[in-house]
$ cat run.cif   # mmCIF, C-alpha atoms
data_my_file
loop_
_atom_site.label_atom_id
_atom_site.label_comp_id
_atom_site.auth_asym_id
_atom_site.auth_seq_id
_atom_site.Cartn_x
_atom_site.Cartn_y
_atom_site.Cartn_z
CA MET A 1345 -121.18 8.62 47.37
CA LYS A 1346 -119.60 6.34 44.77
CA PHE A 1347 -119.72 9.09 42.13
CA SER A 1348 -118.17 11.51 44.65
CA LEU A 1349 -115.16 9.20 44.79
CA VAL A 1350 -115.04 7.87 41.22
CA PHE A 1351 -115.36 11.20 39.38
CA PRO A 1352 -112.55 13.07 41.18
CA ALA A 1353 -110.31 10.01 40.97
CA LEU A 1354 -110.86 9.60 37.23
CA CYS A 1355 -110.67 13.31 36.47
CA ALA A 1356 -107.50 13.96 38.46
CA GLY A 1357 -105.93 10.75 37.15
CA VAL A 1358 -106.54 11.56 33.50
CA LEU A 1359 -105.47 15.19 33.86
CA GLY A 1360 -102.42 14.14 35.87
CA LEU A 1361 -101.32 11.80 33.10
CA LEU A 1362 -101.97 14.16 30.18
CA LEU A 1363 -101.05 17.65 31.44
CA PRO A 1364 -97.31 16.83 31.70
CA PHE A 1365 -97.24 16.57 27.89
CA ALA A 1366 -98.16 20.27 27.78
CA VAL A 1367 -95.96 21.32 30.70
CA ARG A 1368 -92.75 19.51 29.73
CA PRO A 1369 -91.98 21.78 26.71
CA LEU A 1370 -92.36 24.79 29.04
CA LEU A 1371 -89.85 23.32 31.47
CA HIS A 1372 -87.44 22.89 28.57
CA ARG A 1373 -88.03 26.45 27.32
CA TRP A 1374 -87.48 27.94 30.77
CA ASN A 1375 -84.47 25.68 31.39
CA LEU A 1376 -85.86 24.34 34.67
CA VAL A 1377 -83.21 21.68 35.11
CA ASP A 1378 -81.94 20.21 38.38
CA LEU A 1379 -78.21 19.55 38.18
CA PRO A 1380 -76.81 16.87 40.54
CA THR A 1381 -74.88 18.09 43.58
CA ALA A 1382 -73.19 16.34 46.49
CA ARG A 1383 -76.51 16.55 48.36
CA SER A 1384 -78.63 15.22 45.49
CA SER A 1385 -80.10 11.74 45.31
CA HIS A 1386 -80.00 11.78 41.49
CA SER A 1387 -76.89 11.46 39.34
CA GLU A 1388 -78.11 12.97 36.06
CA PRO A 1389 -79.73 16.32 35.17
CA ALA A 1390 -83.54 16.18 35.24
CA PHE A 1391 -86.38 18.61 34.63
CA ARG A 1392 -88.04 20.00 37.74
CA GLY A 1393 -91.37 21.80 38.00
CA MET A 1394 -93.62 19.03 36.63
CA GLY A 1395 -95.57 19.48 39.85
CA LEU A 1396 -97.24 22.38 38.06
CA ALA A 1397 -99.16 19.82 35.99
CA THR A 1398 -99.99 17.70 39.02
CA ALA A 1399 -101.17 20.70 41.04
CA ILE A 1400 -103.39 21.91 38.19
CA ALA A 1401 -104.85 18.41 37.80
CA VAL A 1402 -105.79 18.14 41.49
CA ALA A 1403 -106.96 21.75 41.88
CA ALA A 1404 -109.03 21.71 38.67
CA THR A 1405 -110.67 18.45 39.68
CA TYR A 1406 -111.54 19.81 43.13
CA PHE A 1407 -113.00 23.00 41.62
CA VAL A 1408 -115.03 21.12 38.98
CA SER A 1409 -116.34 18.80 41.71
CA LEU A 1410 -117.58 21.89 43.54
CA LEU A 1411 -119.29 23.18 40.40
CA LEU A 1412 -120.95 19.79 39.82
CA GLY A 1413 -122.39 19.77 43.33
CA LEU A 1414 -120.38 16.80 44.58
CA ILE A 1415 -119.69 18.92 47.65
CA ALA A 1416 -123.10 20.08 48.86
CA VAL A 1417 -122.20 20.76 52.49
CA ASP A 1418 -119.43 23.05 53.78
CA ARG A 1419 -118.62 24.35 50.31
CA SER A 1420 -116.93 27.37 51.87
CA VAL A 1421 -114.58 25.03 53.77
CA ALA A 1422 -113.72 23.31 50.50
CA LEU A 1423 -112.96 26.63 48.82
CA VAL A 1424 -110.67 27.73 51.66
CA VAL A 1425 -108.80 24.41 51.57
CA LEU A 1426 -108.45 24.65 47.80
CA ALA A 1427 -107.23 28.25 48.01
CA GLY A 1428 -104.60 27.34 50.59
CA ALA A 1429 -103.25 24.49 48.47
CA VAL A 1430 -103.18 26.64 45.32
CA LEU A 1431 -101.38 29.49 47.08
CA ALA A 1432 -98.77 27.05 48.39
CA GLY A 1433 -98.30 25.69 44.88
CA ILE A 1434 -97.89 29.20 43.44
CA LEU A 1435 -95.21 29.97 46.02
CA GLY A 1436 -93.44 26.75 45.04
CA TRP A 1437 -93.65 27.66 41.35
CA PHE A 1438 -91.93 31.00 42.00
CA GLU A 1439 -89.26 29.09 43.91
CA ASP A 1440 -88.79 26.81 40.88
CA LEU A 1441 -88.62 29.72 38.45
CA ARG A 1442 -86.34 32.20 40.15
CA GLY A 1443 -85.84 31.23 43.77
CA VAL A 1444 -87.28 32.88 46.87
CA GLY A 1445 -85.27 33.85 49.94
CA ILE A 1446 -85.72 31.76 53.07
CA LEU A 1447 -87.29 34.57 55.12
CA LYS A 1448 -89.65 35.62 52.33
CA ARG A 1449 -90.61 32.02 51.66
CA PHE A 1450 -91.37 31.25 55.29
CA SER A 1451 -93.23 34.55 55.72
CA VAL A 1452 -95.52 33.70 52.81
CA GLN A 1453 -96.06 30.20 54.21
CA LEU A 1454 -97.08 31.75 57.53
CA LEU A 1455 -99.43 34.15 55.75
CA ILE A 1456 -101.06 31.22 53.94
CA GLY A 1457 -101.43 29.45 57.28
CA ILE A 1458 -102.95 32.54 58.90
CA ALA A 1459 -105.42 33.15 56.07
CA VAL A 1460 -106.57 29.53 55.88
CA THR A 1461 -106.80 28.91 59.62
CA VAL A 1462 -108.56 32.16 60.44
CA ALA A 1463 -111.06 31.61 57.63
CA LEU A 1464 -111.75 28.02 58.71
CA THR A 1465 -112.05 29.06 62.35
CA PHE A 1466 -114.80 31.57 61.60
CA ILE A 1467 -116.57 29.36 59.04
CA LEU A 1468 -116.67 26.39 61.42
CA ASN A 1469 -117.18 28.59 64.49
CA THR A 1470 -114.39 27.02 66.51
CA ALA A 1471 -112.27 28.39 69.36
CA ILE A 1472 -109.74 31.02 68.28
CA TRP A 1473 -106.96 29.54 70.42
CA TRP A 1474 -106.54 26.83 67.76
CA ILE A 1475 -105.45 29.47 65.24
CA PRO A 1476 -101.72 29.43 66.18
CA VAL A 1477 -101.71 25.63 66.00
CA GLY A 1478 -103.28 25.66 62.54
CA VAL A 1479 -100.92 28.35 61.26
CA PHE A 1480 -97.87 26.43 62.44
CA ALA A 1481 -99.22 23.12 61.09
CA ILE A 1482 -99.78 24.50 57.59
CA ALA A 1483 -96.47 26.37 57.32
CA ALA A 1484 -94.57 23.43 58.80
CA TYR A 1485 -96.07 20.70 56.63
CA ILE A 1486 -95.49 22.64 53.42
CA ASN A 1487 -91.81 22.46 54.34
CA VAL A 1488 -91.99 18.85 55.53
CA ALA A 1489 -93.39 17.70 52.18
CA ASN A 1490 -90.65 19.67 50.44
CA PHE A 1491 -87.87 18.23 52.65
CA MET A 1492 -89.12 14.69 52.05
CA ASP A 1493 -89.28 15.07 48.26
CA GLY A 1494 -85.78 13.78 47.65
CA VAL A 1495 -86.06 10.42 45.88
CA ASN A 1496 -88.07 9.29 42.89
CA GLY A 1497 -91.56 8.10 43.74
CA ILE A 1498 -91.75 9.25 47.34
CA SER A 1499 -94.07 12.25 46.86
CA GLY A 1500 -96.28 10.49 44.33
CA LEU A 1501 -96.75 7.61 46.76
CA HIS A 1502 -97.27 10.01 49.66
CA GLY A 1503 -100.02 11.82 47.79
CA LEU A 1504 -101.61 8.46 46.98
CA MET A 1505 -101.34 7.13 50.54
CA VAL A 1506 -102.54 10.25 52.38
CA GLY A 1507 -105.24 10.89 49.78
CA VAL A 1508 -106.67 7.39 50.21
CA PHE A 1509 -106.78 7.65 54.00
CA TYR A 1510 -108.26 11.15 53.93
CA ALA A 1511 -110.89 10.04 51.42
CA TYR A 1512 -111.68 7.11 53.73
CA ALA A 1513 -111.99 9.51 56.66
CA GLY A 1514 -114.37 11.60 54.57
CA VAL A 1515 -116.52 8.56 53.81
CA GLN A 1516 -116.57 7.41 57.45
CA THR A 1517 -117.52 10.85 58.75
CA ASP A 1518 -119.73 11.87 55.79
CA THR A 1519 -117.46 14.84 55.08
CA GLN A 1520 -117.86 15.45 51.35
CA TRP A 1521 -115.11 18.02 50.86
CA LEU A 1522 -112.56 15.70 52.52
CA MET A 1523 -113.77 12.70 50.53
CA VAL A 1524 -113.48 14.53 47.19
CA GLY A 1525 -110.21 16.22 48.12
CA GLY A 1526 -108.60 12.97 49.23
CA ALA A 1527 -109.69 11.14 46.07
CA ALA A 1528 -108.39 13.92 43.80
CA LEU A 1529 -105.08 14.12 45.67
CA ALA A 1530 -104.55 10.35 45.54
CA ALA A 1531 -105.28 10.06 41.80
CA GLY A 1532 -103.41 13.20 40.75
CA TYR A 1533 -100.18 12.24 42.49
CA THR A 1534 -100.47 8.61 41.41
CA ALA A 1535 -100.63 9.85 37.81
CA PHE A 1536 -97.33 11.66 38.35
CA LEU A 1537 -95.51 8.42 39.23
CA PRO A 1538 -94.99 7.16 35.66
CA TRP A 1539 -93.33 10.48 34.79
CA ASN A 1540 -91.14 10.40 37.88
CA VAL A 1541 -89.81 6.85 37.87
CA ARG A 1542 -88.88 6.36 34.18
CA THR A 1543 -85.20 5.49 34.04
CA GLY A 1544 -83.22 8.21 32.28
CA LYS A 1545 -86.33 10.23 31.42
CA ASN A 1546 -87.73 11.06 34.81
CA VAL A 1547 -88.88 14.52 35.85
CA PHE A 1548 -89.26 16.02 39.30
CA LEU A 1549 -92.23 17.65 41.01
CA GLY A 1550 -90.12 20.62 41.96
CA ASP A 1551 -91.25 22.99 44.67
CA ALA A 1552 -94.53 23.66 42.87
CA GLY A 1553 -95.58 20.06 43.32
CA SER A 1554 -94.16 19.44 46.79
CA TYR A 1555 -95.49 22.74 48.18
CA PHE A 1556 -98.93 22.04 46.72
CA LEU A 1557 -98.83 18.53 48.19
CA GLY A 1558 -97.86 19.80 51.63
CA GLY A 1559 -100.34 22.67 51.46
CA ALA A 1560 -103.22 20.44 50.35
CA ILE A 1561 -102.57 17.86 53.08
CA ALA A 1562 -102.09 20.48 55.79
CA CYS A 1563 -105.15 22.53 54.84
CA MET A 1564 -107.32 19.42 54.71
CA ALA A 1565 -105.92 18.28 58.06
CA VAL A 1566 -106.58 21.62 59.75
CA GLY A 1567 -110.07 21.83 58.25
CA ALA A 1568 -110.85 18.27 59.35
CA PHE A 1569 -109.53 18.89 62.87
CA LEU A 1570 -111.55 22.08 63.29
CA ALA A 1571 -114.61 20.23 61.96
CA GLY A 1572 -114.28 17.72 64.80
CA ILE A 1573 -112.98 14.71 62.88
CA TYR A 1574 -110.92 12.29 64.96
CA VAL A 1575 -107.29 13.36 65.11
CA GLU A 1576 -106.31 9.71 64.52
CA TYR A 1577 -107.69 9.96 60.97
CA ILE A 1578 -105.82 13.20 60.37
CA LEU A 1579 -102.45 12.59 61.97
CA SER A 1580 -101.66 8.91 61.38
CA PRO A 1581 -100.93 9.13 57.61
CA VAL A 1582 -98.33 11.88 58.15
CA LEU A 1583 -96.61 10.58 61.30
CA ILE A 1584 -93.63 9.01 59.50
CA TYR A 1585 -93.01 12.18 57.47
CA LEU A 1586 -93.15 14.24 60.68
CA ALA A 1587 -90.92 11.79 62.57
CA ASP A 1588 -88.30 11.64 59.80
CA THR A 1589 -88.16 15.43 59.44
CA GLY A 1590 -88.26 16.19 63.17
CA PHE A 1591 -85.66 13.57 64.07
CA THR A 1592 -83.32 14.74 61.30
CA LEU A 1593 -83.64 18.45 62.14
CA LEU A 1594 -83.09 17.76 65.83
CA LYS A 1595 -79.88 15.82 65.11
CA ARG A 1596 -78.60 18.58 62.85
CA MET A 1597 -79.29 21.30 65.43
CA LEU A 1598 -77.63 19.29 68.21
CA ARG A 1599 -74.56 18.98 65.97
CA GLY A 1600 -74.51 22.73 65.45
CA GLU A 1601 -75.27 22.42 61.72
CA GLN A 1602 -77.31 24.92 59.73
CA TRP A 1603 -80.52 22.90 59.80
CA TYR A 1604 -82.19 24.91 57.01
CA LYS A 1605 -79.43 24.15 54.48
CA PRO A 1606 -79.83 21.31 51.92
CA HIS A 1607 -78.51 17.98 53.16
CA ARG A 1608 -78.70 14.20 52.73
CA THR A 1609 -79.32 13.02 56.28
CA HIS A 1610 -83.02 12.18 56.24
CA VAL A 1611 -83.73 8.55 57.02
CA TYR A 1612 -85.16 7.92 53.55
CA GLN A 1613 -82.02 9.43 51.95
CA GLN A 1614 -79.69 7.33 54.08
CA LEU A 1615 -81.55 4.20 52.96
CA THR A 1616 -80.46 4.90 49.37
CA ASP A 1617 -76.89 5.48 50.56
CA TYR A 1618 -76.87 1.90 51.89
CA GLY A 1619 -78.08 0.37 48.65
CA VAL A 1620 -81.87 0.68 48.77
CA SER A 1621 -83.28 1.90 45.46
CA HIS A 1622 -85.28 5.13 45.18
CA ILE A 1623 -88.50 3.18 44.73
CA GLY A 1624 -87.54 0.87 47.57
CA SER A 1625 -86.98 3.82 49.90
CA ALA A 1626 -90.24 5.46 48.79
CA LEU A 1627 -92.15 2.21 49.35
CA ILE A 1628 -90.65 1.75 52.81
CA VAL A 1629 -91.60 5.29 53.90
CA ASN A 1630 -95.14 5.14 52.60
CA GLY A 1631 -95.65 1.47 53.43
CA VAL A 1632 -94.75 2.13 57.06
CA SER A 1633 -96.99 5.21 56.99
CA ALA A 1634 -99.89 3.10 55.73
CA LEU A 1635 -99.24 0.46 58.42
CA VAL A 1636 -99.28 3.12 61.14
CA SER A 1637 -102.53 4.51 59.74
CA ILE A 1638 -104.22 1.10 59.59
CA ILE A 1639 -103.24 0.24 63.17
CA THR A 1640 -104.42 3.64 64.40
CA ILE A 1641 -107.76 3.52 62.59
CA VAL A 1642 -108.47 -0.09 63.59
CA ALA A 1643 -107.78 0.87 67.22
CA LEU A 1644 -110.34 3.70 67.23
CA PRO A 1645 -113.24 1.66 68.68
CA PHE A 1646 -110.99 -0.24 71.11
CA GLN A 1647 -111.17 0.05 74.89
CA THR A 1648 -108.46 2.03 76.69
CA GLN A 1649 -106.12 -0.93 77.32
CA GLN A 1650 -106.30 -2.10 73.71
CA ALA A 1651 -105.79 1.44 72.45
CA VAL A 1652 -102.67 1.76 74.61
CA TRP A 1653 -101.24 -1.41 73.05
CA ALA A 1654 -102.00 -0.04 69.58
CA GLY A 1655 -100.29 3.23 70.49
CA LEU A 1656 -97.26 1.33 71.76
CA ALA A 1657 -97.12 -0.61 68.50
CA VAL A 1658 -97.14 2.65 66.53
CA VAL A 1659 -94.32 4.08 68.66
CA LEU A 1660 -92.22 0.94 68.14
CA ILE A 1661 -92.84 1.03 64.37
CA ILE A 1662 -91.75 4.66 64.17
CA ALA A 1663 -88.66 3.93 66.29
CA GLY A 1664 -87.86 0.98 64.04
CA TYR A 1665 -88.14 3.14 60.94
CA LEU A 1666 -85.83 5.81 62.40
CA SER A 1667 -83.32 3.07 63.32
CA LEU A 1668 -83.13 1.59 59.81
CA PRO A 1669 -79.98 3.53 58.74
CA THR A 1670 -78.14 2.36 61.87
CA PHE A 1671 -79.19 -1.23 61.20
CA LEU A 1672 -78.12 -1.05 57.55
CA ARG A 1673 -74.80 0.56 58.49
CA LYS A 1674 -74.01 -2.34 60.83
CA VAL A 1675 -75.01 -4.90 58.21
CA THR A 1676 -72.82 -3.16 55.61
CA ARG A 1677 -69.82 -3.17 57.94
CA ARG A 1678 -70.23 -6.87 58.65
CA GLU A 1679 -70.35 -7.67 54.94
CA ARG A 1680 -67.09 -5.81 54.41
#
$ encode --input "run.cif" --output "structure tokens"
Amino acid sequence: MKFSLVFPALCAGVLGLLLPFAVRPLLHRWNLVDLPTARSSHSEPAFRGMGLATAIAVAATYFVSLLLGLIAVDRSVALVVLAGAVLAGILGWFEDLRGVGILKRFSVQLLIGIAVTVALTFILNTAIWWIPVGVFAIAAYINVANFMDGVNGISGLHGLMVGVFYAYAGVQTDTQWLMVGGAALAAGYTAFLPWNVRTGKNVFLGDAGSYFLGGAIACMAVGAFLAGIYVEYILSPVLIYLADTGFTLLKRMLRGEQWYKPHRTHVYQQLTDYGVSHIGSALIVNGVSALVSIITIVALPFQTQQAVWAGLAVVLIIAGYLSLPTFLRKVTRRER
């Protein structure tokens, strides 16, 4: 079990640190540069698309782990999860290179969701009525990860945080493919952080990296759910991302805005508007996510009354996170 965690972590970490040296010249050659706009959180041009290196690092590690026999049970599940993440990353890479229309992009995301969920449903012999749920979950979370990739460090930390908790879930449930996948995801996206947070020299994941991140998390989550793993393990690490995105989209729709257009109204973006640094915002988002996950997992063996209190604590934490911009706005006004 130790080797099943140590090898993918080391492999993905080393590849994640070194592959950007090979990918960065390609980004320069293809002129994959993000120019700042009114909706951007960065103020200087920066290369995007470095997620290609991160995606390759995680995917290659997962595939090599399969070849080495670190995943001896449910290998077909692991292959389907890997395929779904890779396809999501490829879609993101095309978006980075030349752009893909909204309808085409969402259609492909749905097709990825259909292919992955149907395959997992038949492999794990589960009820077919879960297929629409899985399809929506995969297509939706690919977009959620992309929407939330707006400040330096946030996606690298999200990959680390979710990967650690999914690897833990794999250990606790003796699910090898989830253990290896979580370890590879955590190490690969941690290795991206030094490239992303260097002042004046930072690079972005781009859609290739954020789509792969969302696809990998969603495919692992759907596979774990269909395999009968507690939903608390699966859902708790992504609750803050879902709450931030859902709350923001709902507000935009109620205001009559075009919700699918780029904007700067996510909670994590508003934090930077009120003086919180990029890293500070990223740490808040993922720190709160980790806190929610710990409370949820600790509450698993509790009796009903204790579990209700834990659930209430999670709801209050999420509400507190969503209220942070309002709190900071009031504090800023008082200081003025």
$ resolve_selection --input "run.cif" --expression "the PyMOL selection byres ((chain A and resi 1460-1477) around 10)" --output "short mmCIF file (atom, residue, chain, number, x, y, z; two decimals) with C-alpha atoms, in the frame of the given file"
data_model
loop_
_atom_site.label_atom_id
_atom_site.label_comp_id
_atom_site.auth_asym_id
_atom_site.auth_seq_id
_atom_site.Cartn_x
_atom_site.Cartn_y
_atom_site.Cartn_z
CA ASP A 1418 -119.43 23.05 53.78
CA SER A 1420 -116.93 27.37 51.87
CA VAL A 1421 -114.58 25.03 53.77
CA ALA A 1422 -113.72 23.31 50.50
CA LEU A 1423 -112.96 26.63 48.82
CA VAL A 1424 -110.67 27.73 51.66
CA VAL A 1425 -108.80 24.41 51.57
CA LEU A 1426 -108.45 24.65 47.80
CA ALA A 1427 -107.23 28.25 48.01
CA GLY A 1428 -104.60 27.34 50.59
CA ALA A 1429 -103.25 24.49 48.47
CA LEU A 1454 -97.08 31.75 57.53
CA LEU A 1455 -99.43 34.15 55.75
CA ILE A 1456 -101.06 31.22 53.94
CA GLY A 1457 -101.43 29.45 57.28
CA ILE A 1458 -102.95 32.54 58.90
CA ALA A 1459 -105.42 33.15 56.07
CA GLY A 1478 -103.28 25.66 62.54
CA VAL A 1479 -100.92 28.35 61.26
CA PHE A 1480 -97.87 26.43 62.44
CA ALA A 1481 -99.22 23.12 61.09
CA ILE A 1482 -99.78 24.50 57.59
CA CYS A 1563 -105.15 22.53 54.84
CA VAL A 1566 -106.58 21.62 59.75
CA GLY A 1567 -110.07 21.83 58.25
CA ALA A 1568 -110.85 18.27 59.35
CA PHE A 1569 -109.53 18.89 62.87
CA LEU A 1570 -111.55 22.08 63.29
CA ALA A 1571 -114.61 20.23 61.96
CA GLY A 1572 -114.28 17.72 64.80
#
$ residues_around --input "run.cif" --residues "Thr1676 in chain A" --least-positions-apart "5" --cutoff "10 Å" --atoms "all atoms listed in the file" --output "JSON, numbers by chain"
{"A": [1618, 1619, 1670, 1671]}
$ resolve_selection --input "run.cif" --expression "the PyMOL selection byres ((chain A and resi 1582-1590) around 8)" --output "ChimeraX atom specification"
/A:1488-1489,1491-1492,1506,1578-1581,1591-1594,1610-1612,1629,1632-1633,1636,1662,1666
$ resolve_selection --input "run.cif" --expression "the PyMOL selection byres ((chain A and resi 1432-1440) around 9)" --output "PyMOL selection string"
chain A and resi 1376+1392-1393+1395-1396+1399+1427-1431+1441-1445+1449+1452-1453+1456+1486+1550-1560
$ residues_around --input "run.cif" --residues "Gly1503 in chain A" --least-positions-apart "4" --cutoff "6 Å" --atoms "only C-alpha atoms" --output "MDAnalysis selection string"
chainID A and resid 1507 1529:1530 1533
$ write_last_selection --input "run.cif" --atoms "C-alpha atoms" --output "PDB file, keeping the file's coordinate frame"
ATOM      1  CA  GLY A1507    -105.240  10.890  49.780  1.00  0.00           C
ATOM      2  CA  LEU A1529    -105.080  14.120  45.670  1.00  0.00           C
ATOM      3  CA  ALA A1530    -104.550  10.350  45.540  1.00  0.00           C
ATOM      4  CA  TYR A1533    -100.180  12.240  42.490  1.00  0.00           C
TER       5      TYR A1533
END
$ closest_residue --input "run.cif" --among "A:Val1402, A:Gln1613, A:Ser1621, A:Ile1661" --to "Gly1360 in chain A" --atoms "only C-alpha atoms"
A:Val1402
$ axis_aligned_box --input "run.cif" --around "range 1586-1604 of chain A" --padding-each-side "6 Å" --output "AutoDock Vina command-line options"
--center_x -83.8 --center_y 18.3 --center_z 62.6 --size_x 30.6 --size_y 25.3 --size_z 23.2
$ atom_distance --input "run.cif" --atom1 "CA of Val1417 in chain A" --atom2 "CA of Phe1351 in chain A"
17.6 Å
$ atom_distance --input "run.cif" --atom1 "CA of Tyr1577 in chain A" --atom2 "CA of Leu1410 in chain A"
23.3 Å
$ residues_around --input "run.cif" --residues "Leu1363 in chain A" --least-positions-apart "5" --cutoff "12 Å" --atoms "only C-alpha atoms" --output "PyMOL selection string"
chain A and resi 1355-1358+1368-1370+1394-1402+1404+1532+1535-1536+1539
$ atom_distance --input "run.cif" --atom1 "CA of Ala1663 in chain A" --atom2 "CA of Ala1643 in chain A"
19.4 Å
$ closest_residue --input "run.cif" --among "A:Val1642, A:Leu1414, A:Ala1528, A:Leu1362" --to "Glu1576 in chain A" --atoms "all atoms listed in the file"
A:Val1642
$ closest_residue --input "run.cif" --among "A:Asn1630, A:Ser1625, A:Ser1637, A:Thr1616" --to "Arg1673 in chain A" --atoms "all atoms listed in the file"
A:Thr1616
$ closest_residue --input "run.cif" --among "A:His1622, A:Lys1346, A:Arg1678, A:His1607" --to "Ser1499 in chain A" --atoms "all atoms listed in the file"
A:His1622
$ closest_residue --input "run.cif" --among "A:Val1408, A:Met1505, A:His1372, A:Ala1403" --to "Leu1627 in chain A" --atoms "only C-alpha atoms"
A:Met1505
$ closest_residue --input "run.cif" --among "A:Pro1364, A:Pro1352, A:Pro1606, A:Gly1664" --to "Asn1546 in chain A" --atoms "all atoms listed in the file"
A:Pro1364
$ residues_around --input "run.cif" --residues "Gly1497 in chain A" --least-positions-apart "4" --cutoff "8 Å" --atoms "all atoms listed in the file" --output "list in words"
Leu1501, Leu1537, Asn1540, Val1541, His1622, Ile1623 and Ala1626 of chain A
$ build_atoms --input "run.cif" --residues "range 1589-1607 of chain A" --atoms "N, CA and C atoms" --output "PDB file, in the frame of the given file"
ATOM      1  N   THR A1589     -88.606  14.032  59.502  1.00  0.00           N
ATOM      2  CA  THR A1589     -88.160  15.430  59.440  1.00  0.00           C
ATOM      3  C   THR A1589     -87.747  15.944  60.809  1.00  0.00           C
ATOM      4  N   GLY A1590     -88.572  15.703  61.827  1.00  0.00           N
ATOM      5  CA  GLY A1590     -88.260  16.190  63.170  1.00  0.00           C
ATOM      6  C   GLY A1590     -86.999  15.581  63.732  1.00  0.00           C
ATOM      7  N   PHE A1591     -86.840  14.273  63.564  1.00  0.00           N
ATOM      8  CA  PHE A1591     -85.660  13.570  64.070  1.00  0.00           C
ATOM      9  C   PHE A1591     -84.393  14.072  63.371  1.00  0.00           C
ATOM     10  N   THR A1592     -84.484  14.281  62.068  1.00  0.00           N
ATOM     11  CA  THR A1592     -83.320  14.740  61.300  1.00  0.00           C
ATOM     12  C   THR A1592     -82.937  16.171  61.678  1.00  0.00           C
ATOM     13  N   LEU A1593     -83.930  17.058  61.773  1.00  0.00           N
ATOM     14  CA  LEU A1593     -83.640  18.450  62.140  1.00  0.00           C
ATOM     15  C   LEU A1593     -83.059  18.541  63.547  1.00  0.00           C
ATOM     16  N   LEU A1594     -83.594  17.739  64.462  1.00  0.00           N
ATOM     17  CA  LEU A1594     -83.090  17.760  65.830  1.00  0.00           C
ATOM     18  C   LEU A1594     -81.623  17.331  65.869  1.00  0.00           C
ATOM     19  N   LYS A1595     -81.275  16.272  65.153  1.00  0.00           N
ATOM     20  CA  LYS A1595     -79.880  15.820  65.110  1.00  0.00           C
ATOM     21  C   LYS A1595     -78.974  16.895  64.535  1.00  0.00           C
ATOM     22  N   ARG A1596     -79.429  17.548  63.481  1.00  0.00           N
ATOM     23  CA  ARG A1596     -78.600  18.580  62.850  1.00  0.00           C
ATOM     24  C   ARG A1596     -78.393  19.769  63.780  1.00  0.00           C
ATOM     25  N   MET A1597     -79.422  20.168  64.497  1.00  0.00           N
ATOM     26  CA  MET A1597     -79.290  21.300  65.430  1.00  0.00           C
ATOM     27  C   MET A1597     -78.379  20.948  66.590  1.00  0.00           C
ATOM     28  N   LEU A1598     -78.491  19.717  67.100  1.00  0.00           N
ATOM     29  CA  LEU A1598     -77.630  19.290  68.210  1.00  0.00           C
ATOM     30  C   LEU A1598     -76.169  19.236  67.783  1.00  0.00           C
ATOM     31  N   ARG A1599     -75.932  18.995  66.485  1.00  0.00           N
ATOM     32  CA  ARG A1599     -74.560  18.980  65.970  1.00  0.00           C
ATOM     33  C   ARG A1599     -74.050  20.365  65.626  1.00  0.00           C
ATOM     34  N   GLY A1600     -74.909  21.369  65.768  1.00  0.00           N
ATOM     35  CA  GLY A1600     -74.510  22.730  65.450  1.00  0.00           C
ATOM     36  C   GLY A1600     -74.524  23.036  63.974  1.00  0.00           C
ATOM     37  N   GLU A1601     -75.197  22.208  63.174  1.00  0.00           N
ATOM     38  CA  GLU A1601     -75.270  22.420  61.720  1.00  0.00           C
ATOM     39  C   GLU A1601     -76.361  23.436  61.395  1.00  0.00           C
ATOM     40  N   GLN A1602     -76.258  24.015  60.202  1.00  0.00           N
ATOM     41  CA  GLN A1602     -77.310  24.920  59.730  1.00  0.00           C
ATOM     42  C   GLN A1602     -78.458  24.068  59.217  1.00  0.00           C
ATOM     43  N   TRP A1603     -79.464  23.869  60.069  1.00  0.00           N
ATOM     44  CA  TRP A1603     -80.520  22.900  59.800  1.00  0.00           C
ATOM     45  C   TRP A1603     -81.339  23.224  58.550  1.00  0.00           C
ATOM     46  N   TYR A1604     -81.354  24.503  58.147  1.00  0.00           N
ATOM     47  CA  TYR A1604     -82.190  24.910  57.010  1.00  0.00           C
ATOM     48  C   TYR A1604     -81.456  24.734  55.674  1.00  0.00           C
ATOM     49  N   LYS A1605     -80.190  24.339  55.714  1.00  0.00           N
ATOM     50  CA  LYS A1605     -79.430  24.150  54.480  1.00  0.00           C
ATOM     51  C   LYS A1605     -79.733  22.762  53.884  1.00  0.00           C
ATOM     52  N   PRO A1606     -79.612  22.615  52.549  1.00  0.00           N
ATOM     53  CA  PRO A1606     -79.830  21.310  51.920  1.00  0.00           C
ATOM     54  C   PRO A1606     -78.867  20.263  52.477  1.00  0.00           C
ATOM     55  N   HIS A1607     -79.338  19.042  52.594  1.00  0.00           N
ATOM     56  CA  HIS A1607     -78.510  17.980  53.160  1.00  0.00           C
ATOM     57  C   HIS A1607     -79.018  16.621  52.672  1.00  0.00           C
TER      58      HIS A1607
END
